[in-house]
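Chemist: This is start.csv, which holds CSV, C-alpha atoms:
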chain,number,residue,atom,x,y,z
A,27,MET,CA,-35.7,11.1,-54.2
A,28,ASP,CA,-35.8,11.8,-58.0
A,29,ILE,CA,-33.1,9.6,-59.4
A,30,GLN,CA,-33.3,10.8,-62.9
A,31,ALA,CA,-33.0,14.5,-61.9
A,32,GLU,CA,-30.5,13.5,-59.2
A,33,LYS,CA,-32.2,15.7,-56.6
A,34,ILE,CA,-34.8,15.6,-53.9
A,35,GLY,CA,-38.3,15.2,-55.3
A,36,PRO,CA,-41.6,16.8,-54.1
A,37,THR,CA,-42.6,16.8,-50.4
A,38,LEU,CA,-44.9,14.1,-49.1
A,39,ALA,CA,-47.9,16.4,-49.2
A,40,GLU,CA,-47.2,17.5,-52.8
A,41,ALA,CA,-46.7,13.9,-53.9
A,42,LEU,CA,-50.0,12.8,-52.4
A,43,ALA,CA,-52.1,15.8,-53.3
A,44,PRO,CA,-53.1,14.6,-56.9
A,45,HIS,CA,-54.2,11.2,-55.3
A,46,ARG,CA,-56.2,12.7,-52.4
A,47,ARG,CA,-59.6,11.7,-53.9
A,48,ALA,CA,-58.5,8.2,-54.7
A,49,ILE,CA,-57.2,7.8,-51.1
A,50,GLU,CA,-60.5,9.0,-49.7
A,51,VAL,CA,-62.5,6.6,-51.9
A,52,PHE,CA,-60.3,3.7,-51.0
A,53,ALA,CA,-60.6,4.5,-47.3
A,54,ASP,CA,-64.4,4.6,-47.6
A,55,SER,CA,-65.1,1.7,-49.9
A,56,GLY,CA,-61.9,-0.4,-50.4
A,57,GLY,CA,-61.5,-2.3,-53.7
A,58,VAL,CA,-58.7,-4.4,-55.2
A,59,ARG,CA,-58.0,-2.2,-58.1
A,60,GLN,CA,-57.8,0.9,-56.1
A,61,SER,CA,-55.6,-0.9,-53.6
A,62,ALA,CA,-53.2,-1.9,-56.3
A,63,ARG,CA,-52.9,1.7,-57.6
A,64,LEU,CA,-52.3,3.1,-54.1
A,65,SER,CA,-49.9,0.3,-53.3
A,66,ARG,CA,-47.6,1.5,-56.2
A,67,LEU,CA,-47.9,5.1,-54.9
A,68,TRP,CA,-47.0,4.0,-51.4
A,69,ASP,CA,-43.9,2.0,-52.6
A,70,ASN,CA,-42.6,4.9,-54.7
A,71,THR,CA,-42.9,7.3,-51.8
A,72,PHE,CA,-40.0,5.8,-49.9
A,73,PRO,CA,-37.5,6.5,-48.7
A,74,LEU,CA,-38.8,9.8,-47.1
A,75,ILE,CA,-35.9,12.2,-47.1
A,76,VAL,CA,-35.0,15.1,-44.9
A,77,PRO,CA,-31.9,16.4,-46.6
A,78,PRO,CA,-29.0,18.0,-44.7
A,79,GLN,CA,-29.4,21.8,-44.4
A,80,GLN,CA,-25.6,22.3,-44.8
A,81,LYS,CA,-23.4,20.3,-47.1
A,82,ASP,CA,-21.9,18.5,-44.1
A,83,GLY,CA,-25.0,18.6,-42.0
A,84,ARG,CA,-27.3,15.7,-40.9
A,85,GLY,CA,-30.1,14.2,-42.9
A,86,VAL,CA,-32.7,11.6,-42.2
A,87,ALA,CA,-34.0,8.8,-44.4
A,88,ILE,CA,-37.1,6.8,-43.4
A,89,LEU,CA,-37.5,3.4,-45.1
A,90,ASN,CA,-40.5,1.1,-45.5
A,91,SER,CA,-39.1,-2.3,-44.5
A,92,ASN,CA,-42.5,-4.2,-44.4
A,93,ALA,CA,-42.4,-7.0,-46.9
A,94,ASP,CA,-45.3,-7.2,-49.5
A,95,THR,CA,-46.9,-10.5,-48.4
A,96,ASN,CA,-50.3,-12.1,-48.8
A,97,PHE,CA,-51.1,-12.9,-45.2
A,98,SER,CA,-52.1,-10.8,-42.2
A,99,PHE,CA,-48.8,-11.3,-40.3
A,100,THR,CA,-47.2,-8.8,-42.7
A,101,ASN,CA,-44.9,-6.7,-40.6
A,102,ALA,CA,-43.2,-9.8,-39.1
A,103,LEU,CA,-41.3,-10.1,-42.4
A,104,GLY,CA,-39.0,-7.3,-43.5
A,105,MET,CA,-37.4,-6.5,-46.8
A,106,ILE,CA,-35.9,-3.5,-48.5
A,107,SER,CA,-36.9,-3.3,-52.2
A,108,THR,CA,-34.2,-2.6,-54.8
A,109,GLY,CA,-36.1,0.5,-56.0
A,110,GLN,CA,-36.1,2.0,-52.5
A,111,ALA,CA,-32.5,1.1,-52.0
A,112,ARG,CA,-31.5,2.8,-55.2
A,113,ARG,CA,-33.3,6.0,-54.2
A,114,LEU,CA,-31.6,5.8,-50.8
A,115,THR,CA,-28.1,5.5,-52.2
A,116,ALA,CA,-28.9,8.3,-54.7
A,117,ALA,CA,-29.6,10.6,-51.8
A,118,LEU,CA,-26.5,9.5,-49.9
A,119,ASP,CA,-24.5,10.2,-53.1
A,120,ARG,CA,-26.2,13.5,-53.7
A,121,TYR,CA,-25.1,14.7,-50.3
A,122,ARG,CA,-21.7,13.2,-50.2
A,123,GLN,CA,-20.5,15.2,-47.1
A,124,GLY,CA,-23.8,14.8,-45.2
A,125,ARG,CA,-24.2,12.6,-42.1
A,126,TRP,CA,-27.3,10.4,-42.0
A,127,ILE,CA,-29.8,8.8,-39.7
A,128,VAL,CA,-31.4,5.8,-41.5
A,129,ALA,CA,-34.6,4.7,-39.8
A,130,LEU,CA,-36.6,1.6,-40.5
A,131,HIS,CA,-38.8,-0.9,-38.7
A,132,HIS,CA,-36.9,-4.2,-38.9
A,133,HIS,CA,-33.6,-5.5,-37.6
A,134,LEU,CA,-30.7,-5.5,-40.0
A,135,ILE,CA,-29.0,-8.5,-38.4
A,136,GLU,CA,-29.5,-11.2,-35.7
A,137,TYR,CA,-27.8,-9.9,-32.6
A,138,PRO,CA,-25.2,-11.9,-30.8
A,139,MET,CA,-27.2,-12.5,-27.6
A,140,PRO,CA,-29.3,-15.4,-26.2
A,141,VAL,CA,-33.1,-15.5,-26.5
A,142,ALA,CA,-35.7,-17.3,-24.4
A,143,ALA,CA,-37.4,-18.9,-27.3
A,144,PHE,CA,-36.6,-19.6,-31.0
A,145,SER,CA,-39.8,-17.7,-31.9
A,146,GLU,CA,-38.1,-14.5,-30.9
A,147,ARG,CA,-35.7,-14.8,-33.9
A,148,VAL,CA,-38.4,-15.7,-36.5
A,149,GLY,CA,-39.0,-12.8,-38.8
A,150,THR,CA,-36.8,-10.5,-36.7
A,151,ALA,CA,-34.2,-9.5,-39.3
A,152,LEU,CA,-34.6,-8.3,-42.9
A,153,VAL,CA,-35.0,-11.1,-45.3
A,154,ASN,CA,-32.3,-9.4,-47.4
A,155,GLY,CA,-30.5,-7.9,-44.5
A,156,SER,CA,-27.0,-9.1,-45.5
A,157,TRP,CA,-27.5,-7.5,-49.0
A,158,PHE,CA,-28.7,-4.2,-47.4
A,159,GLN,CA,-25.7,-4.1,-45.1
A,160,ARG,CA,-23.3,-4.5,-48.0
A,161,LEU,CA,-25.2,-1.7,-49.8
A,162,LEU,CA,-24.6,0.6,-46.8
A,163,LYS,CA,-21.0,-0.5,-46.2
A,164,PRO,CA,-19.4,2.3,-48.4
A,165,TYR,CA,-21.4,4.9,-46.3
A,166,GLY,CA,-20.8,3.3,-42.9
A,167,ASP,CA,-18.6,6.1,-41.5
A,168,ARG,CA,-21.4,8.6,-41.9
A,169,VAL,CA,-24.5,6.6,-41.3
A,170,ILE,CA,-26.3,5.4,-38.1
A,171,VAL,CA,-29.2,3.0,-38.5
A,172,MET,CA,-32.1,3.0,-36.0
A,173,HIS,CA,-34.9,0.4,-35.8
A,174,GLY,CA,-37.5,-1.2,-33.5
A,175,HIS,CA,-39.5,-4.3,-34.3
A,176,ARG,CA,-38.6,-6.7,-31.5
A,177,HIS,CA,-37.3,-3.8,-29.4
A,178,VAL,CA,-34.2,-5.5,-28.2
A,179,ASP,CA,-32.0,-3.1,-26.2
A,180,TRP,CA,-28.8,-3.3,-28.2
A,181,MET,CA,-26.3,-0.9,-29.7
A,182,GLY,CA,-23.4,-2.0,-31.7
A,183,ALA,CA,-21.8,-1.9,-35.2
A,184,CYS,CA,-21.4,-4.1,-38.2
A,185,GLY,CA,-18.0,-3.0,-39.6
A,186,ARG,CA,-18.2,0.8,-39.6
A,187,LEU,CA,-22.0,0.9,-39.7
A,188,LYS,CA,-23.5,1.9,-36.4
A,189,ILE,CA,-26.8,0.2,-35.4
A,190,ILE,CA,-29.3,1.1,-32.7
A,191,SER,CA,-32.1,-1.3,-31.7
A,192,ALA,CA,-34.6,0.7,-29.6
A,193,PRO,CA,-36.2,-0.8,-26.5
A,194,SER,CA,-39.9,0.0,-26.1
A,195,PRO,CA,-41.3,2.0,-23.2
A,196,VAL,CA,-44.8,0.6,-23.8
A,197,MET,CA,-44.4,-3.0,-24.9
A,198,GLY,CA,-43.1,-4.5,-21.7
A,199,PRO,CA,-45.1,-6.7,-19.3
A,200,ILE,CA,-47.5,-4.9,-16.9
A,201,GLY,CA,-45.8,-4.3,-13.6
A,202,ARG,CA,-42.3,-4.2,-14.9
A,203,ALA,CA,-40.2,-1.0,-15.2
A,204,THR,CA,-39.2,0.0,-18.8
A,205,HIS,CA,-36.9,2.5,-20.3
A,206,PHE,CA,-35.8,4.3,-23.5
A,207,TYR,CA,-32.8,6.4,-24.7
A,208,VAL,CA,-32.2,9.9,-25.9
A,209,HIS,CA,-29.3,9.7,-28.3
A,210,SER,CA,-26.8,12.3,-29.2
A,211,VAL,CA,-24.5,12.3,-32.2
A,212,ALA,CA,-21.5,14.3,-33.3
A,213,GLY,CA,-19.8,14.9,-36.6
A,214,GLY,CA,-16.0,14.3,-36.9
A,215,ASP,CA,-13.5,16.3,-38.7
A,216,ASP,CA,-13.1,13.4,-41.1
A,217,GLY,CA,-16.7,13.5,-42.2
A,218,SER,CA,-17.8,10.7,-39.9
A,219,LEU,CA,-20.9,10.5,-37.7
A,220,SER,CA,-20.3,9.3,-34.2
A,221,LEU,CA,-22.7,8.0,-31.6
A,222,LEU,CA,-22.2,9.6,-28.1
A,223,ALA,CA,-23.1,8.1,-24.8
A,224,PRO,CA,-27.0,8.0,-24.6
A,225,GLU,CA,-29.2,9.4,-21.9
A,226,ARG,CA,-31.3,6.6,-20.4
A,227,VAL,CA,-34.8,7.5,-19.3
A,228,ASP,CA,-36.3,5.0,-16.8
A,229,ILE,CA,-40.1,4.6,-16.5
A,230,SER,CA,-41.3,3.1,-13.2
A,231,ALA,CA,-43.4,0.0,-13.2
A,232,THR,CA,-47.2,0.2,-13.6
A,233,PRO,CA,-49.0,-1.9,-11.0
A,234,ALA,CA,-51.3,-4.5,-12.5
A,235,GLU,CA,-55.0,-3.8,-12.1
A,236,ARG,CA,-56.8,-6.0,-9.6
A,237,PRO,CA,-59.9,-7.8,-11.1
A,238,GLU,CA,-62.3,-6.2,-8.6
A,239,ARG,CA,-61.0,-2.7,-9.6
A,240,MET,CA,-61.3,-3.5,-13.3
A,241,ALA,CA,-64.9,-4.8,-12.8
A,242,ALA,CA,-65.8,-1.7,-10.8
A,243,SER,CA,-64.6,0.7,-13.4
Is it possible to give me this structure as structure tokens?
Modeler:
Amino acid sequence: MDIQAEKIGPTLAEALAPHRRAIEVFADSGGVRQSARLSRLWDNTFPLIVPPQQKDGRGVAILNSNADTNFSFTNALGMISTGQARRLTAALDRYRQGRWIVALHHHLIEYPMPVAAFSERVGTALVNGSWFQRLLKPYGDRVIVMHGHRHVDWMGACGRLKIISAPSPVMGPIGRATHFYVHSVAGGDDGSLSLLAPERVDISATPAERPERMAAS
């Protein structure tokens, strides 16, 4: 999103094209300086925007919620930068009648449900999740937020803001059935975006490999 021009900026391919050689060099040889340059490029790329095709159509905004930290457990911590948030709200304001799916990795909030261990709550929600919720509050009627991270099977709302936490069809224990959802949405006459009853897709359990079979293969 180009805030100054108040319009959608270049496509991802167009934005990365001038930096293609630098990306290739960094991929081959690394380097702290090159990493710093490309880090700024990466930060400025988000949110990725698919604008509504009609003025009251649906758009998609993909955010980078991984916090910029100095240790390897990076994506356990989530945060939305102020620059990224400004670009997101600029897009929402530019398409005032559009309905939006906002996708990110981390939870916005801690969900009102019990957990087996305290560690399941550590690093789950955005560090600045309360601030980000307040930022989205004026747009709540026409926004649905989708995320993964801990993959808690939960759908609900914070005020008028609809939130979907996606279960994972691949992260469950071996030998246990899993599932995911196919979601449908609908636009209301009042400009709102509503979440309809989802279609649940169940995946049968995968039997655990016996040691002798694993050794034979």
Chemist: Could you check which of A:Leu89, A:Ile229, A:Ala39, A:Ile75 is closest to Arg120 in chain A, using only C-alpha atoms?
Modeler: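 Smallest distance to Arg120 in chain A is found for A:Ile75.
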Chemist: Which polymer residues have any atom within 6 Å of an atom of Gly104 in chain A, counting only C-alpha atoms, with same-chain residues fewer than 2 positions away left out, as a VMD selection string?
Modeler: chain A and resid 91 to 93 132 152 to 153
Chemist: Find the residue from A:Pro44, A:Pro195, A:Gly214, A:Gly83 that sits nearest to Ile127 in chain A; use all atoms listed in the file when measuring.
Modeler: A:Gly83
Chemist: Which of these, A:Ala53, A:Leu161, A:Met105, A:Val169, has the shortest distance to Ala129 in chain A once you count all atoms listed in the file?
Modeler: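 The closest residue to Ala129 in chain A is A:Val169.
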Chemist: So, with all atoms listed in the file as the atoms that count, which of A:Asp216, A:Leu103, A:Met27, A:Asp54 lies closest to Thr71 in chain A?
Modeler: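 Looking only at the distances to Thr71 in chain A, the closest residue turns out to be A:Met27.
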Chemist: Between CA of Asp82 in chain A and CA of Met172 in chain A, measure the distance and give it in Å to one decimal.
Modeler: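 Computed distance, CA of Asp82 in chain A to CA of Met172 in chain A, equals 20.2 Å.
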Chemist: Mind pulling up the distance from CA of Leu187 in chain A to CA of Gly213 in chain A?
Modeler: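 Computed distance, CA of Gly213 in chain A to CA of Leu187 in chain A, equals 14.5 Å.
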Chemist: For CA of Leu219 in chain A and CA of Asp167 in chain A, determine how far apart the two atoms are, in Å to one decimal place.
Modeler: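 Between CA of Leu219 in chain A and CA of Asp167 in chain A the gap is 6.3 Å.
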Chemist: Could you tell me which of A:Gln79, A:Asn70, A:Asn90, A:Ser230 comes closest to Asp28 in chain A if we count all atoms listed in the file?
Modeler: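 Residue with the minimum atom-to-atom distance to Asp28 in chain A: A:Asn70.
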Chemist: Can you work out which one of A:Pro164, A:Gly174, A:Gly109, A:Gly155 has the shortest atom-to-atom distance to His131 in chain A, counting only C-alpha atoms?
Modeler: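 The closest residue to His131 in chain A is A:Gly174.
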Chemist: Pick out the residues sitting within 12 Å of range 112-114 of chain A, and hand them over as a PyMOL selection string; count all atoms listed in the file, and ignore anything fewer than 4 positions along from it in its own chain.
Modeler: chain A and resi 27-35+69-77+85-90+106-108+118-121+126-129+158+161-162+165+169
Chemist: What's around Ala183 in chain A at 12 Å? Count only C-alpha atoms, leave out sequence neighbours fewer than 2 positions away in its own chain, and write the answer as a PyMOL selection string.
Modeler: chain A and resi 134-135+137-138+159+163+166-167+169-172+180-181+185-191+220-221
Chemist: Would you mind listing what lies within 10 Å of range 200-210 of chain A as a PyMOL selection string, with all atoms listed in the file counted and same-chain residues fewer than 3 positions away left out?
Modeler: chain A and resi 179+190+192-197+220-235
